[in-house]
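A.B. asks: File input-v6.cif below, mmCIF, C-alpha atoms:
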```cif
data_work
loop_
_atom_site.label_atom_id
_atom_site.label_comp_id
_atom_site.auth_asym_id
_atom_site.auth_seq_id
_atom_site.Cartn_x
_atom_site.Cartn_y
_atom_site.Cartn_z
CA MET Z 1 25.92 -35.27 7.60
CA THR Z 2 24.90 -38.13 5.43
CA LYS Z 3 22.17 -35.97 3.92
CA PRO Z 4 22.99 -32.24 4.06
CA LEU Z 5 20.24 -29.74 4.77
CA LEU Z 6 20.95 -28.07 1.43
CA ASP Z 7 22.64 -30.06 -1.29
CA LEU Z 8 24.74 -27.55 -3.21
CA ARG Z 9 25.10 -29.94 -6.14
CA VAL Z 10 21.96 -28.31 -7.52
CA PHE Z 11 24.13 -25.38 -8.61
CA LYS Z 12 26.15 -27.69 -10.88
CA HIS Z 13 23.20 -27.55 -13.25
CA PRO Z 14 23.81 -24.37 -15.28
CA MET Z 15 20.15 -23.66 -16.05
CA PHE Z 16 19.26 -23.86 -12.36
CA ALA Z 17 22.14 -21.54 -11.42
CA ILE Z 18 21.08 -19.02 -14.08
CA GLY Z 19 17.42 -19.37 -13.08
CA SER Z 20 18.31 -18.78 -9.42
CA LEU Z 21 20.25 -15.69 -10.40
CA LEU Z 22 17.32 -14.35 -12.45
CA VAL Z 23 14.82 -15.04 -9.65
CA GLY Z 24 17.15 -13.30 -7.20
CA LEU Z 25 17.41 -10.33 -9.56
CA CYS Z 26 13.62 -10.13 -9.80
CA PHE Z 27 13.31 -10.20 -6.03
CA MET Z 28 15.84 -7.38 -5.81
CA ILE Z 29 13.76 -5.37 -8.29
CA ILE Z 30 10.57 -6.04 -6.36
CA LEU Z 31 12.13 -5.35 -2.97
CA SER Z 32 13.75 -2.15 -4.19
CA THR Z 33 10.57 -0.69 -5.65
CA MET Z 34 8.00 -1.89 -3.12
CA PRO Z 35 9.25 0.24 -0.19
CA VAL Z 36 10.08 3.29 -2.30
CA LEU Z 37 6.84 3.52 -4.26
CA PRO Z 38 4.49 3.64 -1.23
CA MET Z 39 6.81 6.11 0.51
CA TYR Z 40 6.74 8.33 -2.56
CA LEU Z 41 2.95 8.12 -2.88
CA GLN Z 42 2.35 8.83 0.81
CA THR Z 43 5.10 11.36 1.49
CA ALA Z 44 5.63 13.27 -1.74
CA LEU Z 45 2.08 13.09 -3.09
CA ALA Z 46 0.36 13.03 0.34
CA PHE Z 47 -1.89 10.07 -0.53
CA SER Z 48 -3.57 8.11 2.24
CA THR Z 49 -2.51 4.55 2.96
CA LEU Z 50 -5.81 3.31 1.51
CA ARG Z 51 -5.30 5.20 -1.74
CA THR Z 52 -1.69 4.02 -1.90
CA GLY Z 53 -2.81 0.41 -1.44
CA LEU Z 54 -5.45 0.77 -4.13
CA ILE Z 55 -2.86 2.23 -6.52
CA LEU Z 56 -0.54 -0.74 -5.94
CA LEU Z 57 -3.30 -3.36 -5.99
CA PRO Z 58 -3.80 -3.83 -9.77
CA ALA Z 59 -0.19 -4.77 -10.49
CA SER Z 60 0.04 -7.08 -7.49
CA ALA Z 61 -3.21 -8.84 -8.37
CA LEU Z 62 -2.14 -9.13 -12.00
CA ASN Z 63 1.14 -10.70 -10.90
CA GLY Z 64 -0.80 -13.52 -9.24
CA VAL Z 65 -3.20 -13.97 -12.14
CA LEU Z 66 -0.41 -14.14 -14.72
CA ALA Z 67 1.29 -17.25 -13.30
CA PRO Z 68 -0.89 -19.80 -15.13
CA VAL Z 69 -0.95 -17.67 -18.28
CA VAL Z 70 2.83 -17.41 -18.37
CA GLY Z 71 3.01 -21.14 -17.61
CA LYS Z 72 0.99 -21.93 -20.74
CA LEU Z 73 3.17 -19.57 -22.78
CA PHE Z 74 6.25 -21.28 -21.33
CA ASP Z 75 4.95 -24.69 -22.42
CA LYS Z 76 4.21 -23.37 -25.90
CA PHE Z 77 7.26 -21.18 -26.62
CA GLY Z 78 9.97 -22.14 -24.11
CA PRO Z 79 11.89 -19.98 -21.65
CA LYS Z 80 13.85 -17.78 -24.05
CA TRP Z 81 10.75 -16.28 -25.63
CA ILE Z 82 9.29 -15.49 -22.20
CA VAL Z 83 12.33 -14.28 -20.23
CA LEU Z 84 13.77 -11.93 -22.86
CA PRO Z 85 10.54 -9.96 -23.42
CA GLY Z 86 10.12 -9.93 -19.63
CA PHE Z 87 13.53 -8.26 -19.28
CA VAL Z 88 12.57 -5.71 -21.93
CA LEU Z 89 9.34 -4.89 -20.05
CA VAL Z 90 11.13 -4.60 -16.69
CA SER Z 91 13.87 -2.43 -18.20
CA ILE Z 92 11.33 -0.10 -19.80
CA ALA Z 93 9.33 0.09 -16.58
CA LEU Z 94 12.39 0.87 -14.46
CA TRP Z 95 13.44 3.57 -16.92
CA MET Z 96 9.91 5.01 -16.82
CA PHE Z 97 9.98 4.96 -13.01
CA SER Z 98 13.12 7.09 -13.19
CA THR Z 99 11.07 9.80 -14.92
CA VAL Z 100 8.39 9.97 -12.19
CA SER Z 101 8.02 13.45 -10.72
CA LEU Z 102 5.52 15.37 -8.64
CA SER Z 103 3.57 16.09 -11.81
CA SER Z 104 3.25 12.39 -12.78
CA THR Z 105 -0.31 11.17 -12.93
CA VAL Z 106 -1.65 8.28 -10.89
CA ILE Z 107 -2.58 6.46 -14.11
CA PHE Z 108 1.05 6.71 -15.25
CA ILE Z 109 2.33 5.26 -11.96
CA ILE Z 110 -0.23 2.44 -12.04
CA SER Z 111 0.59 1.67 -15.70
CA VAL Z 112 4.33 1.56 -15.12
CA HIS Z 113 3.88 -0.60 -12.03
CA ILE Z 114 1.67 -3.01 -14.01
CA LEU Z 115 4.24 -3.12 -16.81
CA MET Z 116 7.00 -3.92 -14.32
CA MET Z 117 5.03 -6.69 -12.63
CA ILE Z 118 4.12 -8.29 -15.97
CA GLY Z 119 7.82 -8.43 -16.82
CA VAL Z 120 8.74 -9.76 -13.38
CA SER Z 121 6.09 -12.49 -13.70
CA MET Z 122 7.46 -13.50 -17.07
CA ILE Z 123 11.06 -13.65 -15.84
CA MET Z 124 10.44 -15.39 -12.53
CA MET Z 125 8.06 -18.11 -13.66
CA ALA Z 126 9.92 -19.07 -16.80
CA SER Z 127 13.44 -19.02 -15.36
CA GLN Z 128 12.43 -20.90 -12.21
CA THR Z 129 10.53 -23.58 -14.11
CA ASN Z 130 13.31 -23.98 -16.67
CA GLY Z 131 15.91 -24.32 -13.93
CA LEU Z 132 13.91 -26.92 -12.02
CA ASN Z 133 13.24 -28.94 -15.18
CA GLN Z 134 16.97 -29.74 -15.41
CA PHE Z 135 17.06 -31.84 -12.23
CA PRO Z 136 17.12 -35.58 -11.79
CA PRO Z 137 14.36 -36.70 -9.38
CA GLN Z 138 16.69 -37.09 -6.38
CA LEU Z 139 17.47 -33.34 -6.43
CA TYR Z 140 13.86 -32.08 -6.67
CA THR Z 141 13.55 -31.30 -2.98
CA ASP Z 142 16.91 -29.51 -2.86
CA GLY Z 143 16.07 -27.36 -5.86
CA THR Z 144 12.65 -26.32 -4.67
CA GLY Z 145 13.40 -25.97 -0.98
CA SER Z 146 10.65 -28.47 -0.25
CA TRP Z 147 10.44 -30.31 3.00
CA ASP Z 148 12.37 -33.56 2.85
CA LYS Z 149 10.98 -35.93 5.46
CA ASN Z 150 14.30 -37.80 5.55
CA ILE Z 151 16.26 -34.84 6.93
CA ILE Z 152 14.56 -34.16 10.26
CA PRO Z 153 11.59 -36.13 11.49
CA LEU Z 154 8.62 -33.80 11.96
CA ARG Z 155 7.92 -35.11 15.47
CA SER Z 156 11.41 -34.01 16.62
CA LEU Z 157 10.46 -30.38 16.00
CA PHE Z 158 7.73 -30.38 18.65
#
```
Take the structure from the file and write it as structure tokens.
C.D. replies:
Amino acid sequence: MTKPLLDLRVFKHPMFAIGSLLVGLCFMIILSTMPVLPMYLQTALAFSTLRTGLILLPASALNGVLAPVVGKLFDKFGPKWIVLPGFVLVSIALWMFSTVSLSSTVIFIISVHILMMIGVSMIMMASQTNGLNQFPPQLYTDGTGSWDKNIIPLRSLF
């Protein structure tokens, strides 16, 4: 193809490759805790689905609210001073999750989940933005996965 669907040259930029790896790691952390935590709350602690959802809600909402805050911190301090503390927070939270037992309080679970999501927000936003900042303009769409109107005309899809 004259214009490949995914231009793999984006991975020649080391910051983008590292950023992609960090974002992938964060998704693995999220996807490994999100199924297990509700199952634990509903099965082991016999909470209803509503109560489980309300327990998980603060951290998830905070994750969305933190994006612009972390963006401003990124602009002020750079990626290193955002990603490294984020890793510390995630590591502490994952270690604390390993200590959860049947006697753990709901406040403890909510607090640890919030701590983990703060760290994940810090890592994902800063590493993704830093990686994308390394690109020349012609690689923007390949790095972000954005729709490139030159690949497939939209009308040919319908």
A.B. asks: Contacts of Val36 in chain Z at 12 Å or less, counting all atoms listed in the file, minus same-chain residues fewer than 5 places along, as a PDB file with C-alpha atoms, keeping the file's coordinate frame?
C.D. replies:
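So the final result, stored in selection25.pdb, reads:
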```
ATOM      1  CA  ILE Z  29      13.760  -5.370  -8.290  1.00  0.00           C
ATOM      2  CA  ILE Z  30      10.570  -6.040  -6.360  1.00  0.00           C
ATOM      3  CA  LEU Z  31      12.130  -5.350  -2.970  1.00  0.00           C
ATOM      4  CA  LEU Z  41       2.950   8.120  -2.880  1.00  0.00           C
ATOM      5  CA  GLN Z  42       2.350   8.830   0.810  1.00  0.00           C
ATOM      6  CA  THR Z  43       5.100  11.360   1.490  1.00  0.00           C
ATOM      7  CA  ALA Z  44       5.630  13.270  -1.740  1.00  0.00           C
ATOM      8  CA  THR Z  52      -1.690   4.020  -1.900  1.00  0.00           C
ATOM      9  CA  LEU Z  56      -0.540  -0.740  -5.940  1.00  0.00           C
ATOM     10  CA  PHE Z  97       9.980   4.960 -13.010  1.00  0.00           C
ATOM     11  CA  SER Z  98      13.120   7.090 -13.190  1.00  0.00           C
TER      12      SER Z  98
END
```
A.B. asks: So what do you get for CA of Met122 in chain Z versus CA of Gly86 in chain Z, distance-wise?
C.D. replies: 5.1 Å
A.B. asks: By how many Å are CA of Leu22 in chain Z and CA of Phe74 in chain Z apart?
C.D. replies: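 That distance, rounded to one decimal, is 15.8 Å.
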A.B. asks: Can you pull out the residues contacting Val10 in chain Z? Cut-off 9 Å, using only C-alpha atoms, and skip same-chain residues under 6 positions away; I want them as a list of chain:residue names.
C.D. replies: Z:Phe16, Z:Ala17, Z:Phe135, Z:Leu139, Z:Tyr140, Z:Asp142, Z:Gly143
A.B. asks: Convert the output of the PyMOL selection byres ((chain Z and resi 131) around 9) on the shown file into explicit residues, formatted as a list in words.
C.D. replies: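 For this structure, the PyMOL selection byres ((chain Z and resi 131) around 9) captures His13, Pro14, Met15, Phe16, Ala17, Ile18, Gly19, Ser20, Ala126, Ser127, Gln128, Thr129, Asn130, Leu132, Asn133, Gln134, Phe135 and Gly143 of chain Z.
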